[in-house]
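See structure below.
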Amino acid sequence: MPLVTTTEMFKKAYEGGYAVGAFNVNNMEIVQGITEAAKETHAPLILQVSKGARAYANHTYLVKLVEAATIECPDIPIVLHLDHGPDFETCKSCIDGGFTSVMIDASSKPLEENIEITKKVVEYAHDHGVVVEAELGTLAGIEDEVQVSAEDSAYTRPEEVEEFVTKTGCDSLAIAIGTSHGAYKFKPGTKPQLRFDVLEEVSKRLPGFPIVLHGASSVPQEFVTMINENGGNMPGAIGVPEDQLRQAARMAVCKINIDSDLRLAMTGSIRKYFAEHPADFDPRQYLAPARDAIKAMVKHKIVDVLGCDGKA
Ligand code: G3H
Ligand code: 13P
Ligand code: ZN
């Protein structure tokens, strides 16, 4: 089937108490690993492309790779989504260039400005049959060149969400409840705890409205160890506990964003391969196990974390 929007997908996810995985793609092996996992588990899928991914791999290559995935997986609904669109022009370029969903991330701007930019993107997107994710609240961590420190991050204020959604007309809303981007989400020795009270309050104010969770990698220690044992240096990398993500997926969260875990799986596998096969130099030799590791990781997410296996 052709690329779809998130509309039907989120409605079913909300009602079914599960979330759809949104995985970042940057090259062919990543696209293949993710889509093979979705195909084998019959799960709906969101493939997302950041500004950095477009700069790295080129818009057209990424669109064509994702279109190839729809041909290889004809029974799986797939969304092509812009992750963290920084401005109207980037969103427009993706809307005009084949994406079915865009995120406008003006969350670092004052509320009125966030509303104004988001509304402009929504009007253009809806005129072209594309859906829009917006964000309220600020996550800590790194997105493209922007680094937000833990002190500057801020939980979403539930009292702002109705006005924001009504005035902008956005289709889904990313909120900040304690997750952050990257592999270092919590201080070692502290207990990671998402703010389910904020999520609960937001969903009371926006009944039936799909909520999005960014920064939702769990940073599996298996891969951190694999990296560190094979020449890497990632001390104190900690992610969101999987049971908390499962709980969020049972609530109003319909889309869960995962990128760092794919990077860890890919990097760990490649480091291990090189350590064990120092004479090999054919990229297919080390990219094949990296692709397999991504596939296994995504299958685990779909079945054990998102609960969306069999929902395609
Ligand atoms: O939220 C950030 C995503 O992990 C994408 O990262 O901007 O480095 O491609 P990137
Ligand atoms: P992670 O860094 O936790 O994988 O988050 C990815 C993300 O939010 C992409 O938008
Ligand atoms: Zn994000």
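A note on labels: chains of the structure tokens are A, B, ... as shown, every chain counts residues from 1, and ligands are counted from 1 in their shown order.
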
For this session: Write out as a PyMOL selection string each polymer residue (protein, DNA or RNA) that has an atom no more than 12 Å from ligand 1, with only C-alpha atoms and all ligand atoms counted.
Result: chain A and resi 22-27+47-57+81-86+103+105+138-148+174+179-183+213-217+256-264

Please identify which residues in segment 36-236 of chain A DSSP calls helix (DSSP H, G or I) from the backbone, and express them as a PDB file with N, CA and C atoms, in the first residue's frame.
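And here's out31.pdb as it stands now:
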ATOM      1  N   GLU A  36      11.949  -4.982   8.168  1.00  0.00           N
ATOM      2  CA  GLU A  36      11.867  -6.449   8.267  1.00  0.00           C
ATOM      3  C   GLU A  36      11.247  -6.850   9.610  1.00  0.00           C
ATOM      4  N   ALA A  37      11.585  -6.119  10.665  1.00  0.00           N
ATOM      5  CA  ALA A  37      11.007  -6.405  11.988  1.00  0.00           C
ATOM      6  C   ALA A  37       9.501  -6.165  11.968  1.00  0.00           C
ATOM      7  N   ALA A  38       9.080  -5.048  11.353  1.00  0.00           N
ATOM      8  CA  ALA A  38       7.639  -4.727  11.301  1.00  0.00           C
ATOM      9  C   ALA A  38       6.891  -5.759  10.467  1.00  0.00           C
ATOM     10  N   LYS A  39       7.528  -6.195   9.380  1.00  0.00           N
ATOM     11  CA  LYS A  39       6.886  -7.178   8.504  1.00  0.00           C
ATOM     12  C   LYS A  39       6.658  -8.492   9.262  1.00  0.00           C
ATOM     13  N   GLU A  40       7.693  -8.940   9.973  1.00  0.00           N
ATOM     14  CA  GLU A  40       7.586 -10.233  10.671  1.00  0.00           C
ATOM     15  C   GLU A  40       6.626 -10.193  11.853  1.00  0.00           C
ATOM     16  N   THR A  41       6.408  -8.997  12.407  1.00  0.00           N
ATOM     17  CA  THR A  41       5.515  -8.907  13.577  1.00  0.00           C
ATOM     18  C   THR A  41       4.159  -8.299  13.208  1.00  0.00           C
ATOM     19  N   LYS A  51      16.285  16.596  10.262  1.00  0.00           N
ATOM     20  CA  LYS A  51      17.005  17.556   9.426  1.00  0.00           C
ATOM     21  C   LYS A  51      18.426  17.034   9.153  1.00  0.00           C
ATOM     22  N   GLY A  52      19.045  16.479  10.211  1.00  0.00           N
ATOM     23  CA  GLY A  52      20.407  15.935  10.077  1.00  0.00           C
ATOM     24  C   GLY A  52      20.459  14.753   9.117  1.00  0.00           C
ATOM     25  N   ALA A  53      19.406  13.936   9.129  1.00  0.00           N
ATOM     26  CA  ALA A  53      19.359  12.784   8.213  1.00  0.00           C
ATOM     27  C   ALA A  53      19.257  13.254   6.773  1.00  0.00           C
ATOM     28  N   ARG A  54      18.451  14.296   6.558  1.00  0.00           N
ATOM     29  CA  ARG A  54      18.320  14.839   5.180  1.00  0.00           C
ATOM     30  C   ARG A  54      19.646  15.429   4.721  1.00  0.00           C
ATOM     31  N   ALA A  55      20.355  16.059   5.653  1.00  0.00           N
ATOM     32  CA  ALA A  55      21.656  16.648   5.285  1.00  0.00           C
ATOM     33  C   ALA A  55      22.669  15.541   4.993  1.00  0.00           C
ATOM     34  N   TYR A  56      22.574  14.434   5.730  1.00  0.00           N
ATOM     35  CA  TYR A  56      23.537  13.332   5.576  1.00  0.00           C
ATOM     36  C   TYR A  56      23.263  12.495   4.328  1.00  0.00           C
ATOM     37  N   ALA A  57      21.999  12.061   4.191  1.00  0.00           N
ATOM     38  CA  ALA A  57      21.708  11.038   3.169  1.00  0.00           C
ATOM     39  C   ALA A  57      21.015  11.594   1.936  1.00  0.00           C
ATOM     40  N   HIS A  59      17.455  14.085   0.825  1.00  0.00           N
ATOM     41  CA  HIS A  59      15.993  13.903   0.887  1.00  0.00           C
ATOM     42  C   HIS A  59      15.520  12.793  -0.063  1.00  0.00           C
ATOM     43  N   THR A  60      15.956  12.872  -1.319  1.00  0.00           N
ATOM     44  CA  THR A  60      15.429  11.941  -2.332  1.00  0.00           C
ATOM     45  C   THR A  60      15.812  10.498  -2.020  1.00  0.00           C
ATOM     46  N   TYR A  61      17.061  10.271  -1.623  1.00  0.00           N
ATOM     47  CA  TYR A  61      17.471   8.900  -1.290  1.00  0.00           C
ATOM     48  C   TYR A  61      16.607   8.342  -0.162  1.00  0.00           C
ATOM     49  N   LEU A  62      16.366   9.161   0.852  1.00  0.00           N
ATOM     50  CA  LEU A  62      15.596   8.666   1.997  1.00  0.00           C
ATOM     51  C   LEU A  62      14.147   8.383   1.609  1.00  0.00           C
ATOM     52  N   VAL A  63      13.546   9.305   0.830  1.00  0.00           N
ATOM     53  CA  VAL A  63      12.159   9.079   0.393  1.00  0.00           C
ATOM     54  C   VAL A  63      12.079   7.798  -0.427  1.00  0.00           C
ATOM     55  N   LYS A  64      13.017   7.607  -1.328  1.00  0.00           N
ATOM     56  CA  LYS A  64      12.965   6.421  -2.200  1.00  0.00           C
ATOM     57  C   LYS A  64      13.209   5.135  -1.408  1.00  0.00           C
ATOM     58  N   LEU A  65      14.073   5.193  -0.389  1.00  0.00           N
ATOM     59  CA  LEU A  65      14.296   4.013   0.465  1.00  0.00           C
ATOM     60  C   LEU A  65      13.008   3.641   1.205  1.00  0.00           C
ATOM     61  N   VAL A  66      12.322   4.667   1.706  1.00  0.00           N
ATOM     62  CA  VAL A  66      11.082   4.391   2.443  1.00  0.00           C
ATOM     63  C   VAL A  66       9.995   3.925   1.477  1.00  0.00           C
ATOM     64  N   GLU A  67       9.958   4.485   0.288  1.00  0.00           N
ATOM     65  CA  GLU A  67       8.989   4.005  -0.716  1.00  0.00           C
ATOM     66  C   GLU A  67       9.291   2.545  -1.079  1.00  0.00           C
ATOM     67  N   ALA A  68      10.562   2.204  -1.141  1.00  0.00           N
ATOM     68  CA  ALA A  68      10.937   0.804  -1.415  1.00  0.00           C
ATOM     69  C   ALA A  68      10.415  -0.095  -0.296  1.00  0.00           C
ATOM     70  N   ALA A  69      10.467   0.402   0.926  1.00  0.00           N
ATOM     71  CA  ALA A  69       9.960  -0.384   2.069  1.00  0.00           C
ATOM     72  C   ALA A  69       8.466  -0.661   1.910  1.00  0.00           C
ATOM     73  N   THR A  70       7.704   0.309   1.390  1.00  0.00           N
ATOM     74  CA  THR A  70       6.250   0.083   1.213  1.00  0.00           C
ATOM     75  C   THR A  70       5.999  -1.002   0.160  1.00  0.00           C
ATOM     76  N   ILE A  71       6.907  -1.105  -0.804  1.00  0.00           N
ATOM     77  CA  ILE A  71       6.749  -2.151  -1.841  1.00  0.00           C
ATOM     78  C   ILE A  71       7.137  -3.522  -1.261  1.00  0.00           C
ATOM     79  N   GLU A  72       8.197  -3.539  -0.469  1.00  0.00           N
ATOM     80  CA  GLU A  72       8.647  -4.794   0.152  1.00  0.00           C
ATOM     81  C   GLU A  72       7.671  -5.284   1.225  1.00  0.00           C
ATOM     82  N   PHE A  88       9.093  26.528   9.115  1.00  0.00           N
ATOM     83  CA  PHE A  88       8.059  26.310   8.102  1.00  0.00           C
ATOM     84  C   PHE A  88       8.667  25.795   6.794  1.00  0.00           C
ATOM     85  N   GLU A  89       9.801  26.356   6.385  1.00  0.00           N
ATOM     86  CA  GLU A  89      10.394  25.997   5.089  1.00  0.00           C
ATOM     87  C   GLU A  89      10.764  24.513   5.033  1.00  0.00           C
ATOM     88  N   THR A  90      11.376  23.997   6.114  1.00  0.00           N
ATOM     89  CA  THR A  90      11.744  22.575   6.125  1.00  0.00           C
ATOM     90  C   THR A  90      10.492  21.701   6.055  1.00  0.00           C
ATOM     91  N   CYS A  91       9.463  22.085   6.811  1.00  0.00           N
ATOM     92  CA  CYS A  91       8.208  21.308   6.784  1.00  0.00           C
ATOM     93  C   CYS A  91       7.607  21.344   5.385  1.00  0.00           C
ATOM     94  N   LYS A  92       7.586  22.539   4.768  1.00  0.00           N
ATOM     95  CA  LYS A  92       7.011  22.677   3.419  1.00  0.00           C
ATOM     96  C   LYS A  92       7.768  21.797   2.424  1.00  0.00           C
ATOM     97  N   SER A  93       9.075  21.803   2.531  1.00  0.00           N
ATOM     98  CA  SER A  93       9.893  21.020   1.611  1.00  0.00           C
ATOM     99  C   SER A  93       9.567  19.522   1.739  1.00  0.00           C
ATOM    100  N   CYS A  94       9.321  19.054   2.957  1.00  0.00           N
ATOM    101  CA  CYS A  94       8.975  17.637   3.151  1.00  0.00           C
ATOM    102  C   CYS A  94       7.539  17.350   2.701  1.00  0.00           C
ATOM    103  N   ILE A  95       6.635  18.294   2.970  1.00  0.00           N
ATOM    104  CA  ILE A  95       5.232  18.113   2.537  1.00  0.00           C
ATOM    105  C   ILE A  95       5.191  18.042   1.008  1.00  0.00           C
ATOM    106  N   ASP A  96       5.911  18.949   0.370  1.00  0.00           N
ATOM    107  CA  ASP A  96       5.952  18.966  -1.109  1.00  0.00           C
ATOM    108  C   ASP A  96       6.715  17.755  -1.651  1.00  0.00           C
ATOM    109  N   LEU A 111       5.214  30.558  24.068  1.00  0.00           N
ATOM    110  CA  LEU A 111       3.965  29.887  23.683  1.00  0.00           C
ATOM    111  C   LEU A 111       3.285  30.528  22.466  1.00  0.00           C
ATOM    112  N   GLU A 112       3.154  31.860  22.484  1.00  0.00           N
ATOM    113  CA  GLU A 112       2.426  32.528  21.387  1.00  0.00           C
ATOM    114  C   GLU A 112       3.114  32.292  20.052  1.00  0.00           C
ATOM    115  N   GLU A 113       4.456  32.338  20.078  1.00  0.00           N
ATOM    116  CA  GLU A 113       5.224  32.133  18.846  1.00  0.00           C
ATOM    117  C   GLU A 113       5.117  30.683  18.369  1.00  0.00           C
ATOM    118  N   ASN A 114       5.171  29.745  19.333  1.00  0.00           N
ATOM    119  CA  ASN A 114       5.006  28.322  19.026  1.00  0.00           C
ATOM    120  C   ASN A 114       3.645  28.116  18.339  1.00  0.00           C
ATOM    121  N   ILE A 115       2.606  28.736  18.899  1.00  0.00           N
ATOM    122  CA  ILE A 115       1.254  28.603  18.325  1.00  0.00           C
ATOM    123  C   ILE A 115       1.238  29.145  16.895  1.00  0.00           C
ATOM    124  N   GLU A 116       1.841  30.321  16.712  1.00  0.00           N
ATOM    125  CA  GLU A 116       1.805  30.990  15.399  1.00  0.00           C
ATOM    126  C   GLU A 116       2.512  30.147  14.309  1.00  0.00           C
ATOM    127  N   ILE A 117       3.723  29.648  14.631  1.00  0.00           N
ATOM    128  CA  ILE A 117       4.483  28.853  13.649  1.00  0.00           C
ATOM    129  C   ILE A 117       3.763  27.536  13.366  1.00  0.00           C
ATOM    130  N   THR A 118       3.292  26.884  14.430  1.00  0.00           N
ATOM    131  CA  THR A 118       2.629  25.584  14.277  1.00  0.00           C
ATOM    132  C   THR A 118       1.376  25.722  13.417  1.00  0.00           C
ATOM    133  N   LYS A 119       0.598  26.785  13.679  1.00  0.00           N
ATOM    134  CA  LYS A 119      -0.652  27.016  12.926  1.00  0.00           C
ATOM    135  C   LYS A 119      -0.356  27.166  11.437  1.00  0.00           C
ATOM    136  N   LYS A 120       0.708  27.884  11.131  1.00  0.00           N
ATOM    137  CA  LYS A 120       1.070  28.108   9.726  1.00  0.00           C
ATOM    138  C   LYS A 120       1.412  26.768   9.041  1.00  0.00           C
ATOM    139  N   VAL A 121       2.155  25.925   9.744  1.00  0.00           N
ATOM    140  CA  VAL A 121       2.523  24.606   9.187  1.00  0.00           C
ATOM    141  C   VAL A 121       1.269  23.737   9.031  1.00  0.00           C
ATOM    142  N   VAL A 122       0.391  23.766  10.051  1.00  0.00           N
ATOM    143  CA  VAL A 122      -0.834  22.951   9.992  1.00  0.00           C
ATOM    144  C   VAL A 122      -1.682  23.344   8.785  1.00  0.00           C
ATOM    145  N   GLU A 123      -1.822  24.654   8.548  1.00  0.00           N
ATOM    146  CA  GLU A 123      -2.669  25.089   7.419  1.00  0.00           C
ATOM    147  C   GLU A 123      -2.119  24.558   6.104  1.00  0.00           C
ATOM    148  N   TYR A 124      -0.809  24.679   5.919  1.00  0.00           N
ATOM    149  CA  TYR A 124      -0.199  24.214   4.667  1.00  0.00           C
ATOM    150  C   TYR A 124      -0.283  22.688   4.564  1.00  0.00           C
ATOM    151  N   ALA A 125       0.035  22.008   5.658  1.00  0.00           N
ATOM    152  CA  ALA A 125       0.043  20.535   5.656  1.00  0.00           C
ATOM    153  C   ALA A 125      -1.350  19.978   5.363  1.00  0.00           C
ATOM    154  N   HIS A 126      -2.363  20.489   6.076  1.00  0.00           N
ATOM    155  CA  HIS A 126      -3.720  19.958   5.898  1.00  0.00           C
ATOM    156  C   HIS A 126      -4.235  20.207   4.477  1.00  0.00           C
ATOM    157  N   ASP A 127      -3.853  21.340   3.887  1.00  0.00           N
ATOM    158  CA  ASP A 127      -4.228  21.605   2.484  1.00  0.00           C
ATOM    159  C   ASP A 127      -3.642  20.552   1.547  1.00  0.00           C
ATOM    160  N   PRO A 158       0.252  21.228  31.712  1.00  0.00           N
ATOM    161  CA  PRO A 158      -1.049  20.739  31.231  1.00  0.00           C
ATOM    162  C   PRO A 158      -2.055  21.859  30.983  1.00  0.00           C
ATOM    163  N   GLU A 159      -1.957  22.944  31.746  1.00  0.00           N
ATOM    164  CA  GLU A 159      -2.948  24.018  31.589  1.00  0.00           C
ATOM    165  C   GLU A 159      -2.816  24.742  30.242  1.00  0.00           C
ATOM    166  N   GLU A 160      -1.742  24.460  29.491  1.00  0.00           N
ATOM    167  CA  GLU A 160      -1.577  25.131  28.189  1.00  0.00           C
ATOM    168  C   GLU A 160      -2.057  24.287  27.004  1.00  0.00           C
ATOM    169  N   VAL A 161      -2.317  22.981  27.237  1.00  0.00           N
ATOM    170  CA  VAL A 161      -2.480  22.097  26.072  1.00  0.00           C
ATOM    171  C   VAL A 161      -3.777  22.326  25.287  1.00  0.00           C
ATOM    172  N   GLU A 162      -4.881  22.628  25.993  1.00  0.00           N
ATOM    173  CA  GLU A 162      -6.149  22.792  25.240  1.00  0.00           C
ATOM    174  C   GLU A 162      -6.053  24.001  24.306  1.00  0.00           C
ATOM    175  N   GLU A 163      -5.568  25.126  24.868  1.00  0.00           N
ATOM    176  CA  GLU A 163      -5.434  26.335  24.049  1.00  0.00           C
ATOM    177  C   GLU A 163      -4.519  26.058  22.847  1.00  0.00           C
ATOM    178  N   PHE A 164      -3.410  25.348  23.112  1.00  0.00           N
ATOM    179  CA  PHE A 164      -2.436  25.094  22.042  1.00  0.00           C
ATOM    180  C   PHE A 164      -3.045  24.253  20.921  1.00  0.00           C
ATOM    181  N   VAL A 165      -3.705  23.174  21.295  1.00  0.00           N
ATOM    182  CA  VAL A 165      -4.267  22.262  20.278  1.00  0.00           C
ATOM    183  C   VAL A 165      -5.430  22.938  19.542  1.00  0.00           C
ATOM    184  N   THR A 166      -6.265  23.653  20.265  1.00  0.00           N
ATOM    185  CA  THR A 166      -7.400  24.320  19.619  1.00  0.00           C
ATOM    186  C   THR A 166      -6.917  25.386  18.647  1.00  0.00           C
ATOM    187  N   LYS A 167      -5.977  26.201  19.095  1.00  0.00           N
ATOM    188  CA  LYS A 167      -5.534  27.316  18.245  1.00  0.00           C
ATOM    189  C   LYS A 167      -4.705  26.859  17.051  1.00  0.00           C
ATOM    190  N   THR A 168      -3.924  25.780  17.204  1.00  0.00           N
ATOM    191  CA  THR A 168      -3.040  25.365  16.104  1.00  0.00           C
ATOM    192  C   THR A 168      -3.696  24.356  15.161  1.00  0.00           C
ATOM    193  N   PHE A 196       4.076  10.496  35.148  1.00  0.00           N
ATOM    194  CA  PHE A 196       2.790  10.013  34.645  1.00  0.00           C
ATOM    195  C   PHE A 196       1.636  10.920  35.079  1.00  0.00           C
ATOM    196  N   ASP A 197       1.855  11.670  36.162  1.00  0.00           N
ATOM    197  CA  ASP A 197       0.797  12.595  36.589  1.00  0.00           C
ATOM    198  C   ASP A 197       0.585  13.693  35.537  1.00  0.00           C
ATOM    199  N   VAL A 198       1.686  14.140  34.907  1.00  0.00           N
ATOM    200  CA  VAL A 198       1.568  15.170  33.856  1.00  0.00           C
ATOM    201  C   VAL A 198       0.851  14.567  32.642  1.00  0.00           C
ATOM    202  N   LEU A 199       1.239  13.349  32.256  1.00  0.00           N
ATOM    203  CA  LEU A 199       0.586  12.679  31.121  1.00  0.00           C
ATOM    204  C   LEU A 199      -0.908  12.494  31.385  1.00  0.00           C
ATOM    205  N   GLU A 200      -1.225  12.073  32.590  1.00  0.00           N
ATOM    206  CA  GLU A 200      -2.633  11.837  32.974  1.00  0.00           C
ATOM    207  C   GLU A 200      -3.438  13.139  32.873  1.00  0.00           C
ATOM    208  N   GLU A 201      -2.859  14.216  33.373  1.00  0.00           N
ATOM    209  CA  GLU A 201      -3.547  15.514  33.377  1.00  0.00           C
ATOM    210  C   GLU A 201      -3.737  16.026  31.936  1.00  0.00           C
ATOM    211  N   VAL A 202      -2.711  15.834  31.100  1.00  0.00           N
ATOM    212  CA  VAL A 202      -2.807  16.249  29.692  1.00  0.00           C
ATOM    213  C   VAL A 202      -3.927  15.461  29.006  1.00  0.00           C
ATOM    214  N   SER A 203      -3.979  14.146  29.244  1.00  0.00           N
ATOM    215  CA  SER A 203      -4.971  13.335  28.534  1.00  0.00           C
ATOM    216  C   SER A 203      -6.388  13.599  29.036  1.00  0.00           C
ATOM    217  N   LYS A 204      -6.516  14.031  30.294  1.00  0.00           N
ATOM    218  CA  LYS A 204      -7.844  14.426  30.798  1.00  0.00           C
ATOM    219  C   LYS A 204      -8.339  15.664  30.068  1.00  0.00           C
ATOM    220  N   ARG A 205      -7.391  16.569  29.794  1.00  0.00           N
ATOM    221  CA  ARG A 205      -7.764  17.823  29.132  1.00  0.00           C
ATOM    222  C   ARG A 205      -7.947  17.646  27.625  1.00  0.00           C
ATOM    223  N   GLN A 221      21.690  -2.121  28.258  1.00  0.00           N
ATOM    224  CA  GLN A 221      23.062  -2.227  28.781  1.00  0.00           C
ATOM    225  C   GLN A 221      23.878  -3.274  28.031  1.00  0.00           C
ATOM    226  N   GLU A 222      23.176  -4.240  27.431  1.00  0.00           N
ATOM    227  CA  GLU A 222      23.837  -5.252  26.615  1.00  0.00           C
ATOM    228  C   GLU A 222      24.680  -4.581  25.506  1.00  0.00           C
ATOM    229  N   PHE A 223      24.115  -3.542  24.890  1.00  0.00           N
ATOM    230  CA  PHE A 223      24.838  -2.883  23.798  1.00  0.00           C
ATOM    231  C   PHE A 223      25.859  -1.871  24.307  1.00  0.00           C
ATOM    232  N   VAL A 224      25.556  -1.244  25.439  1.00  0.00           N
ATOM    233  CA  VAL A 224      26.550  -0.329  26.029  1.00  0.00           C
ATOM    234  C   VAL A 224      27.797  -1.141  26.385  1.00  0.00           C
ATOM    235  N   THR A 225      27.579  -2.321  26.986  1.00  0.00           N
ATOM    236  CA  THR A 225      28.705  -3.204  27.337  1.00  0.00           C
ATOM    237  C   THR A 225      29.441  -3.654  26.081  1.00  0.00           C
ATOM    238  N   MET A 226      28.691  -4.029  25.049  1.00  0.00           N
ATOM    239  CA  MET A 226      29.322  -4.478  23.796  1.00  0.00           C
ATOM    240  C   MET A 226      30.205  -3.363  23.210  1.00  0.00           C
ATOM    241  N   ILE A 227      29.735  -2.147  23.281  1.00  0.00           N
ATOM    242  CA  ILE A 227      30.521  -1.010  22.783  1.00  0.00           C
ATOM    243  C   ILE A 227      31.765  -0.818  23.653  1.00  0.00           C
ATOM    244  N   ASN A 228      31.556  -0.810  24.978  1.00  0.00           N
ATOM    245  CA  ASN A 228      32.685  -0.550  25.882  1.00  0.00           C
ATOM    246  C   ASN A 228      33.733  -1.669  25.859  1.00  0.00           C
TER     247      ASN A 228
END

Exercise. At what distance in Å, to one decimal, does atom CA of Val131 of chain A lie from atom CA of Leu206 of chain A?
Worked result: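 For atom CA of Leu206 of chain A relative to atom CA of Val131 of chain A, the distance reads 17.7 Å.
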
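Proximity of A:Cys308, A:Leu287, A:Ala265, A:Val240 to ligand 2, computed with only C-alpha atoms and all ligand atoms, is greatest for A:Val240.
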
Seminar exercise, completed: Of A:Gln193, A:Pro278, A:Ala290, A:Gly178, the one nearest to ligand 2 when counting only C-alpha atoms and all ligand atoms is A:Gly178

Seminar exercise, completed: One residue among A:Arg284, A:Lys191, A:Arg271, A:His277 is nearest to Asn233 of chain A when using only C-alpha atoms, and that residue is A:Arg271
